[in-house]
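Here is the structure we will look at, set down as structure tokens.
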Amino acid sequence: MTTPLVSITGLSAVSLREGGSPILRDVSLTLQRGEVRGLVGESGAGKSTIAKALLGILPRTVKVTAGEIRFEGRDLLTMPERELRAIMGSEIALIPQDPQTALNPGRRIEAQLTDGLRLRRGMNARDARERALQLLEEVHIRDPERVLRAYPHELSGGMRQRVMIAAAFSLEPKLVVADEPTTALDVTVQKQILRLIRGMQEAHGTAVIFVTHDLGVVAKICDSVTLLYGGKVIEQGPTASVLAAPRHAYTRALIAAGPRYDRPDAGLEPVPQSVFDQLQAELAQPFSSEMSHG
Amino acid sequence: MTALSLMNRLLMAAITLVGVAVIVFVLLRVVPGDPIAMMISPGASEADIQALRAHYGLDASLPVQFAVWIKAVLMGDFGTSISLHRDVLSLLAERLPATLELAAAALVFAVVLGLGIAVIATLMARSRLAPVVDTLNGLFLAVPDFIWALALVLLFGVLFPVFPLSGRINPDVSQGFHTQFYLLESLFTLRFANLLDVSLHMIMPVLALGLPLASIITKVLKQALAEAMVQDYILLARLKGMSRLRLVMQEALRNAIGPTIALTGVQFTFLIGGTVIVERIFAYPGIGNMAIDAVINRDLPLIQGLVLVFGALFILVNLATDALVAWFNPRMEA
């Protein structure tokens, strides 16, 4: 087997702010080229911390205590700052959570979309503009010329997120980290954006880490899934297998808790207290109790 | 700014100016103090006093006096100064350029210094020197312009006499001017002896007027930059490989500068007000200095003219400020 694109092994981290409480506990996962991985968990599960660690933007209040993150075999955590900066944005890109705040309100879309092309690829303004137009068409923006001239406030939330997707794919990265890219959007737009990310990913052969708290999203677009709780991997494996045959009580409870569009009368099942008790007990154990689907 | 909103602004400006005229006119006549009493020698007869009063039109009723004055002003006649016995308009034309140059120089100095310190402080936000900058700036914020003026006089005028203490130019150096804009004229005619001397005379008043404004700009801009620097778009720009300097200058500054411009505009009007006392301390021949003499002498026509000029300046500064803020904020079309 070839080297995986990303391989995280034994990653542990603590929060310095909360007196050294652990936020990642011995997390391991591997991601192949072109794979779409869902990173699922409730708030505080550690999914965003993993995403930030991959992008080299961990806040100063978080300290990695053990483990490594290898990207194409090179450890991102011990890499010199200069090399890390060359990879970030270029080979690992981000689709942010809220396109509202992710675009600079004072600069036109053209300037923001071509930054990377000009700074990283050394393109001149004209070529970068051409490329930006292509990218906007690729993310199904109807009047790309107008959008290039627009300021962010002149675009809808969905349009802005399309621009962010175009920007993320603009440098042909090998990995795109999508940080809950649909939470800030209308439900109707959410589906389109999900389809778009999947489409772009397939067209460019890009691997995607999809951070979400929604198993429904995972079912739609992820090849594989990693379920986290309290900074610990609870269960991971191919999406079909995890959703069809969940091994951990928490996974089963979460699947039961999600809305069933095929059975609208079924109602929502809250996660039972006994499951949380079990999770707490497992967090206290030093050894891994991860449920892995081969 | 659209044509309509510009018209709107100009109309509002005109109304404001009329309001200023009414208020100053009424106030000057309600407060105690008689300009005629300042002019006559002790022991003048009642008839002489009445004649003088009639000569300056001060015997008519207030509304009539106001109507006469405002009509004359609209025709460009600001009356004759009671204490200086000269046309008010030509007095203003003579002194206003000095104050404009001083205020503009102080503004430029304050903006460059304040912006520079705010940007540098943002670049080294995590350094151990950051609290030092904050503390020093807090100290500077607390010192008003006239304290600076007095301190500067003591320091660079008396203890280490490096700068001239008073006036606008040394008559021995002066090569003669065609306009009252000494700084601009000597700059554009390349008379460097004049330029140097005028600049030296301006340094201390500019420092006194500019330092308080600089510290306000630093404080507001630094805060706004700090807020901008944690936005998601900065993070994404960082991922695009931008240097920290570029992040601050290109990404953050544009969004942070709006509130700073608005506040600088307001503070600049205070600075113009501050020229009154600072010009006095440095015997700088501007309209501020002249205003104090006018008030001491109860020179009603001159005071009225001066207040109208100050009012017009404030309104112009506010218009310019609004235009600048709108220009920097693409979300504000009007």
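By order in the structure tokens, chains are A, B, ...; within a chain, residues start at 1; ligands start at 1, following the order shown.
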
So that I can see what lies close to Phe276 of chain A, please list as a compact mmCIF listing (two decimals) with N, CA and C atoms, in the first residue's frame the residues with an atom at most 12 Å from it, counting only C-alpha atoms and leaving out residues fewer than 3 positions away in the same chain.
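Contents of part-v1.txt, as written:
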# COMPACT_ATOMS: atom_id res chain seq x y z
N TYR A 229 -15.72 11.50 20.73
CA TYR A 229 -16.41 11.99 21.91
C TYR A 229 -15.36 12.33 22.97
N GLY A 230 -15.42 13.53 23.50
CA GLY A 230 -14.48 13.93 24.55
C GLY A 230 -13.03 13.81 24.13
N HIS A 248 -20.59 0.68 18.50
CA HIS A 248 -20.58 1.33 19.80
C HIS A 248 -21.99 1.83 20.13
N ALA A 249 -22.36 1.75 21.39
CA ALA A 249 -23.70 2.16 21.83
C ALA A 249 -23.96 3.63 21.48
N TYR A 250 -22.87 4.47 21.59
CA TYR A 250 -23.02 5.90 21.30
C TYR A 250 -23.37 6.11 19.83
N THR A 251 -22.69 5.38 18.93
CA THR A 251 -22.98 5.49 17.51
C THR A 251 -24.43 5.10 17.24
N ALA A 253 -26.89 5.17 19.31
CA ALA A 253 -27.79 6.18 19.88
C ALA A 253 -27.85 7.41 18.97
N LEU A 254 -26.69 7.82 18.42
CA LEU A 254 -26.67 9.00 17.54
C LEU A 254 -27.48 8.75 16.28
N PRO A 270 -33.68 10.85 22.08
CA PRO A 270 -32.50 11.42 22.72
C PRO A 270 -31.51 10.32 23.08
N VAL A 271 -30.21 10.72 23.13
CA VAL A 271 -29.19 9.74 23.52
C VAL A 271 -29.41 9.40 25.00
N PRO A 272 -29.59 8.12 25.33
CA PRO A 272 -29.90 7.77 26.74
C PRO A 272 -28.73 8.06 27.68
N GLN A 273 -29.04 8.35 28.91
CA GLN A 273 -28.02 8.68 29.92
C GLN A 273 -27.03 7.53 30.09
N LEU A 279 -19.66 6.28 28.14
CA LEU A 279 -18.61 7.08 27.51
C LEU A 279 -17.66 7.65 28.56
N GLN A 280 -18.23 8.16 29.65
CA GLN A 280 -17.40 8.74 30.72
C GLN A 280 -16.46 7.68 31.28
N ALA A 281 -17.00 6.48 31.48
CA ALA A 281 -16.18 5.39 32.02
C ALA A 281 -15.04 5.09 31.06
N GLU A 282 -15.34 5.12 29.74
CA GLU A 282 -14.30 4.80 28.76
C GLU A 282 -13.24 5.88 28.69
N LEU A 283 -13.68 7.15 28.86
CA LEU A 283 -12.70 8.25 28.83
C LEU A 283 -11.72 8.12 29.97

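Residues from chain A found within 6 Å of chain B are Met88, Gly89, Thr101, Ala102, Leu103, Asn104, Gly106 and Gly116 of chain A, counting only C-alpha atoms.
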
Counting only C-alpha atoms, figure out which residue out of B:Thr189, B:Ile216, B:Ala110, B:Phe181 gets nearest to Leu141 of chain B. B:Ile216

Could you name the residues that touch segment 18-30 of chain B at 7 Å or less, counting only C-alpha atoms, but leaving out those on the same chain fewer than 3 positions away, as a ChimeraX atom specification? /B:14-15,304,308,311

Selected residues written out, N, CA and C atoms, as a short mmCIF file (atom, residue, chain, number, x, y, z; two decimals), in the first residue's frame:
data_model
loop_
_atom_site.label_atom_id
_atom_site.label_comp_id
_atom_site.auth_asym_id
_atom_site.auth_seq_id
_atom_site.Cartn_x
_atom_site.Cartn_y
_atom_site.Cartn_z
N ALA B 14 -25.43 74.57 5.79
CA ALA B 14 -25.85 75.97 5.77
C ALA B 14 -26.72 76.28 6.98
N ILE B 15 -27.65 75.36 7.28
CA ILE B 15 -28.54 75.56 8.43
C ILE B 15 -27.72 75.63 9.72
N GLN B 304 -17.58 87.66 16.11
CA GLN B 304 -18.59 87.05 15.26
C GLN B 304 -17.97 86.46 14.00
N LEU B 308 -17.80 82.43 13.08
CA LEU B 308 -18.32 81.90 11.81
C LEU B 308 -17.24 81.09 11.08
N GLY B 311 -16.83 77.86 12.86
CA GLY B 311 -18.01 77.03 12.56
C GLY B 311 -17.91 76.42 11.17
#

Env of Leu113 of chain A: 8 Å cut, atoms = only C-alpha atoms, seq-sep filter 5 positions within chain, self excluded. Answer as a list in words. Ala132, Val163, Ala166 and Ala167 of chain A

What is the distance between atom CA of Gly114 of chain B and atom CA of Ser215 of chain B, in Å to one decimal? 6.1 Å

Leaving out Leu29 of chain A and any residue of its chain fewer than 6 positions from it, which residues lie within 9 Å of it when counting only C-alpha atoms, given as a VMD selection string? chain A and resid 6 to 10 226 233 236
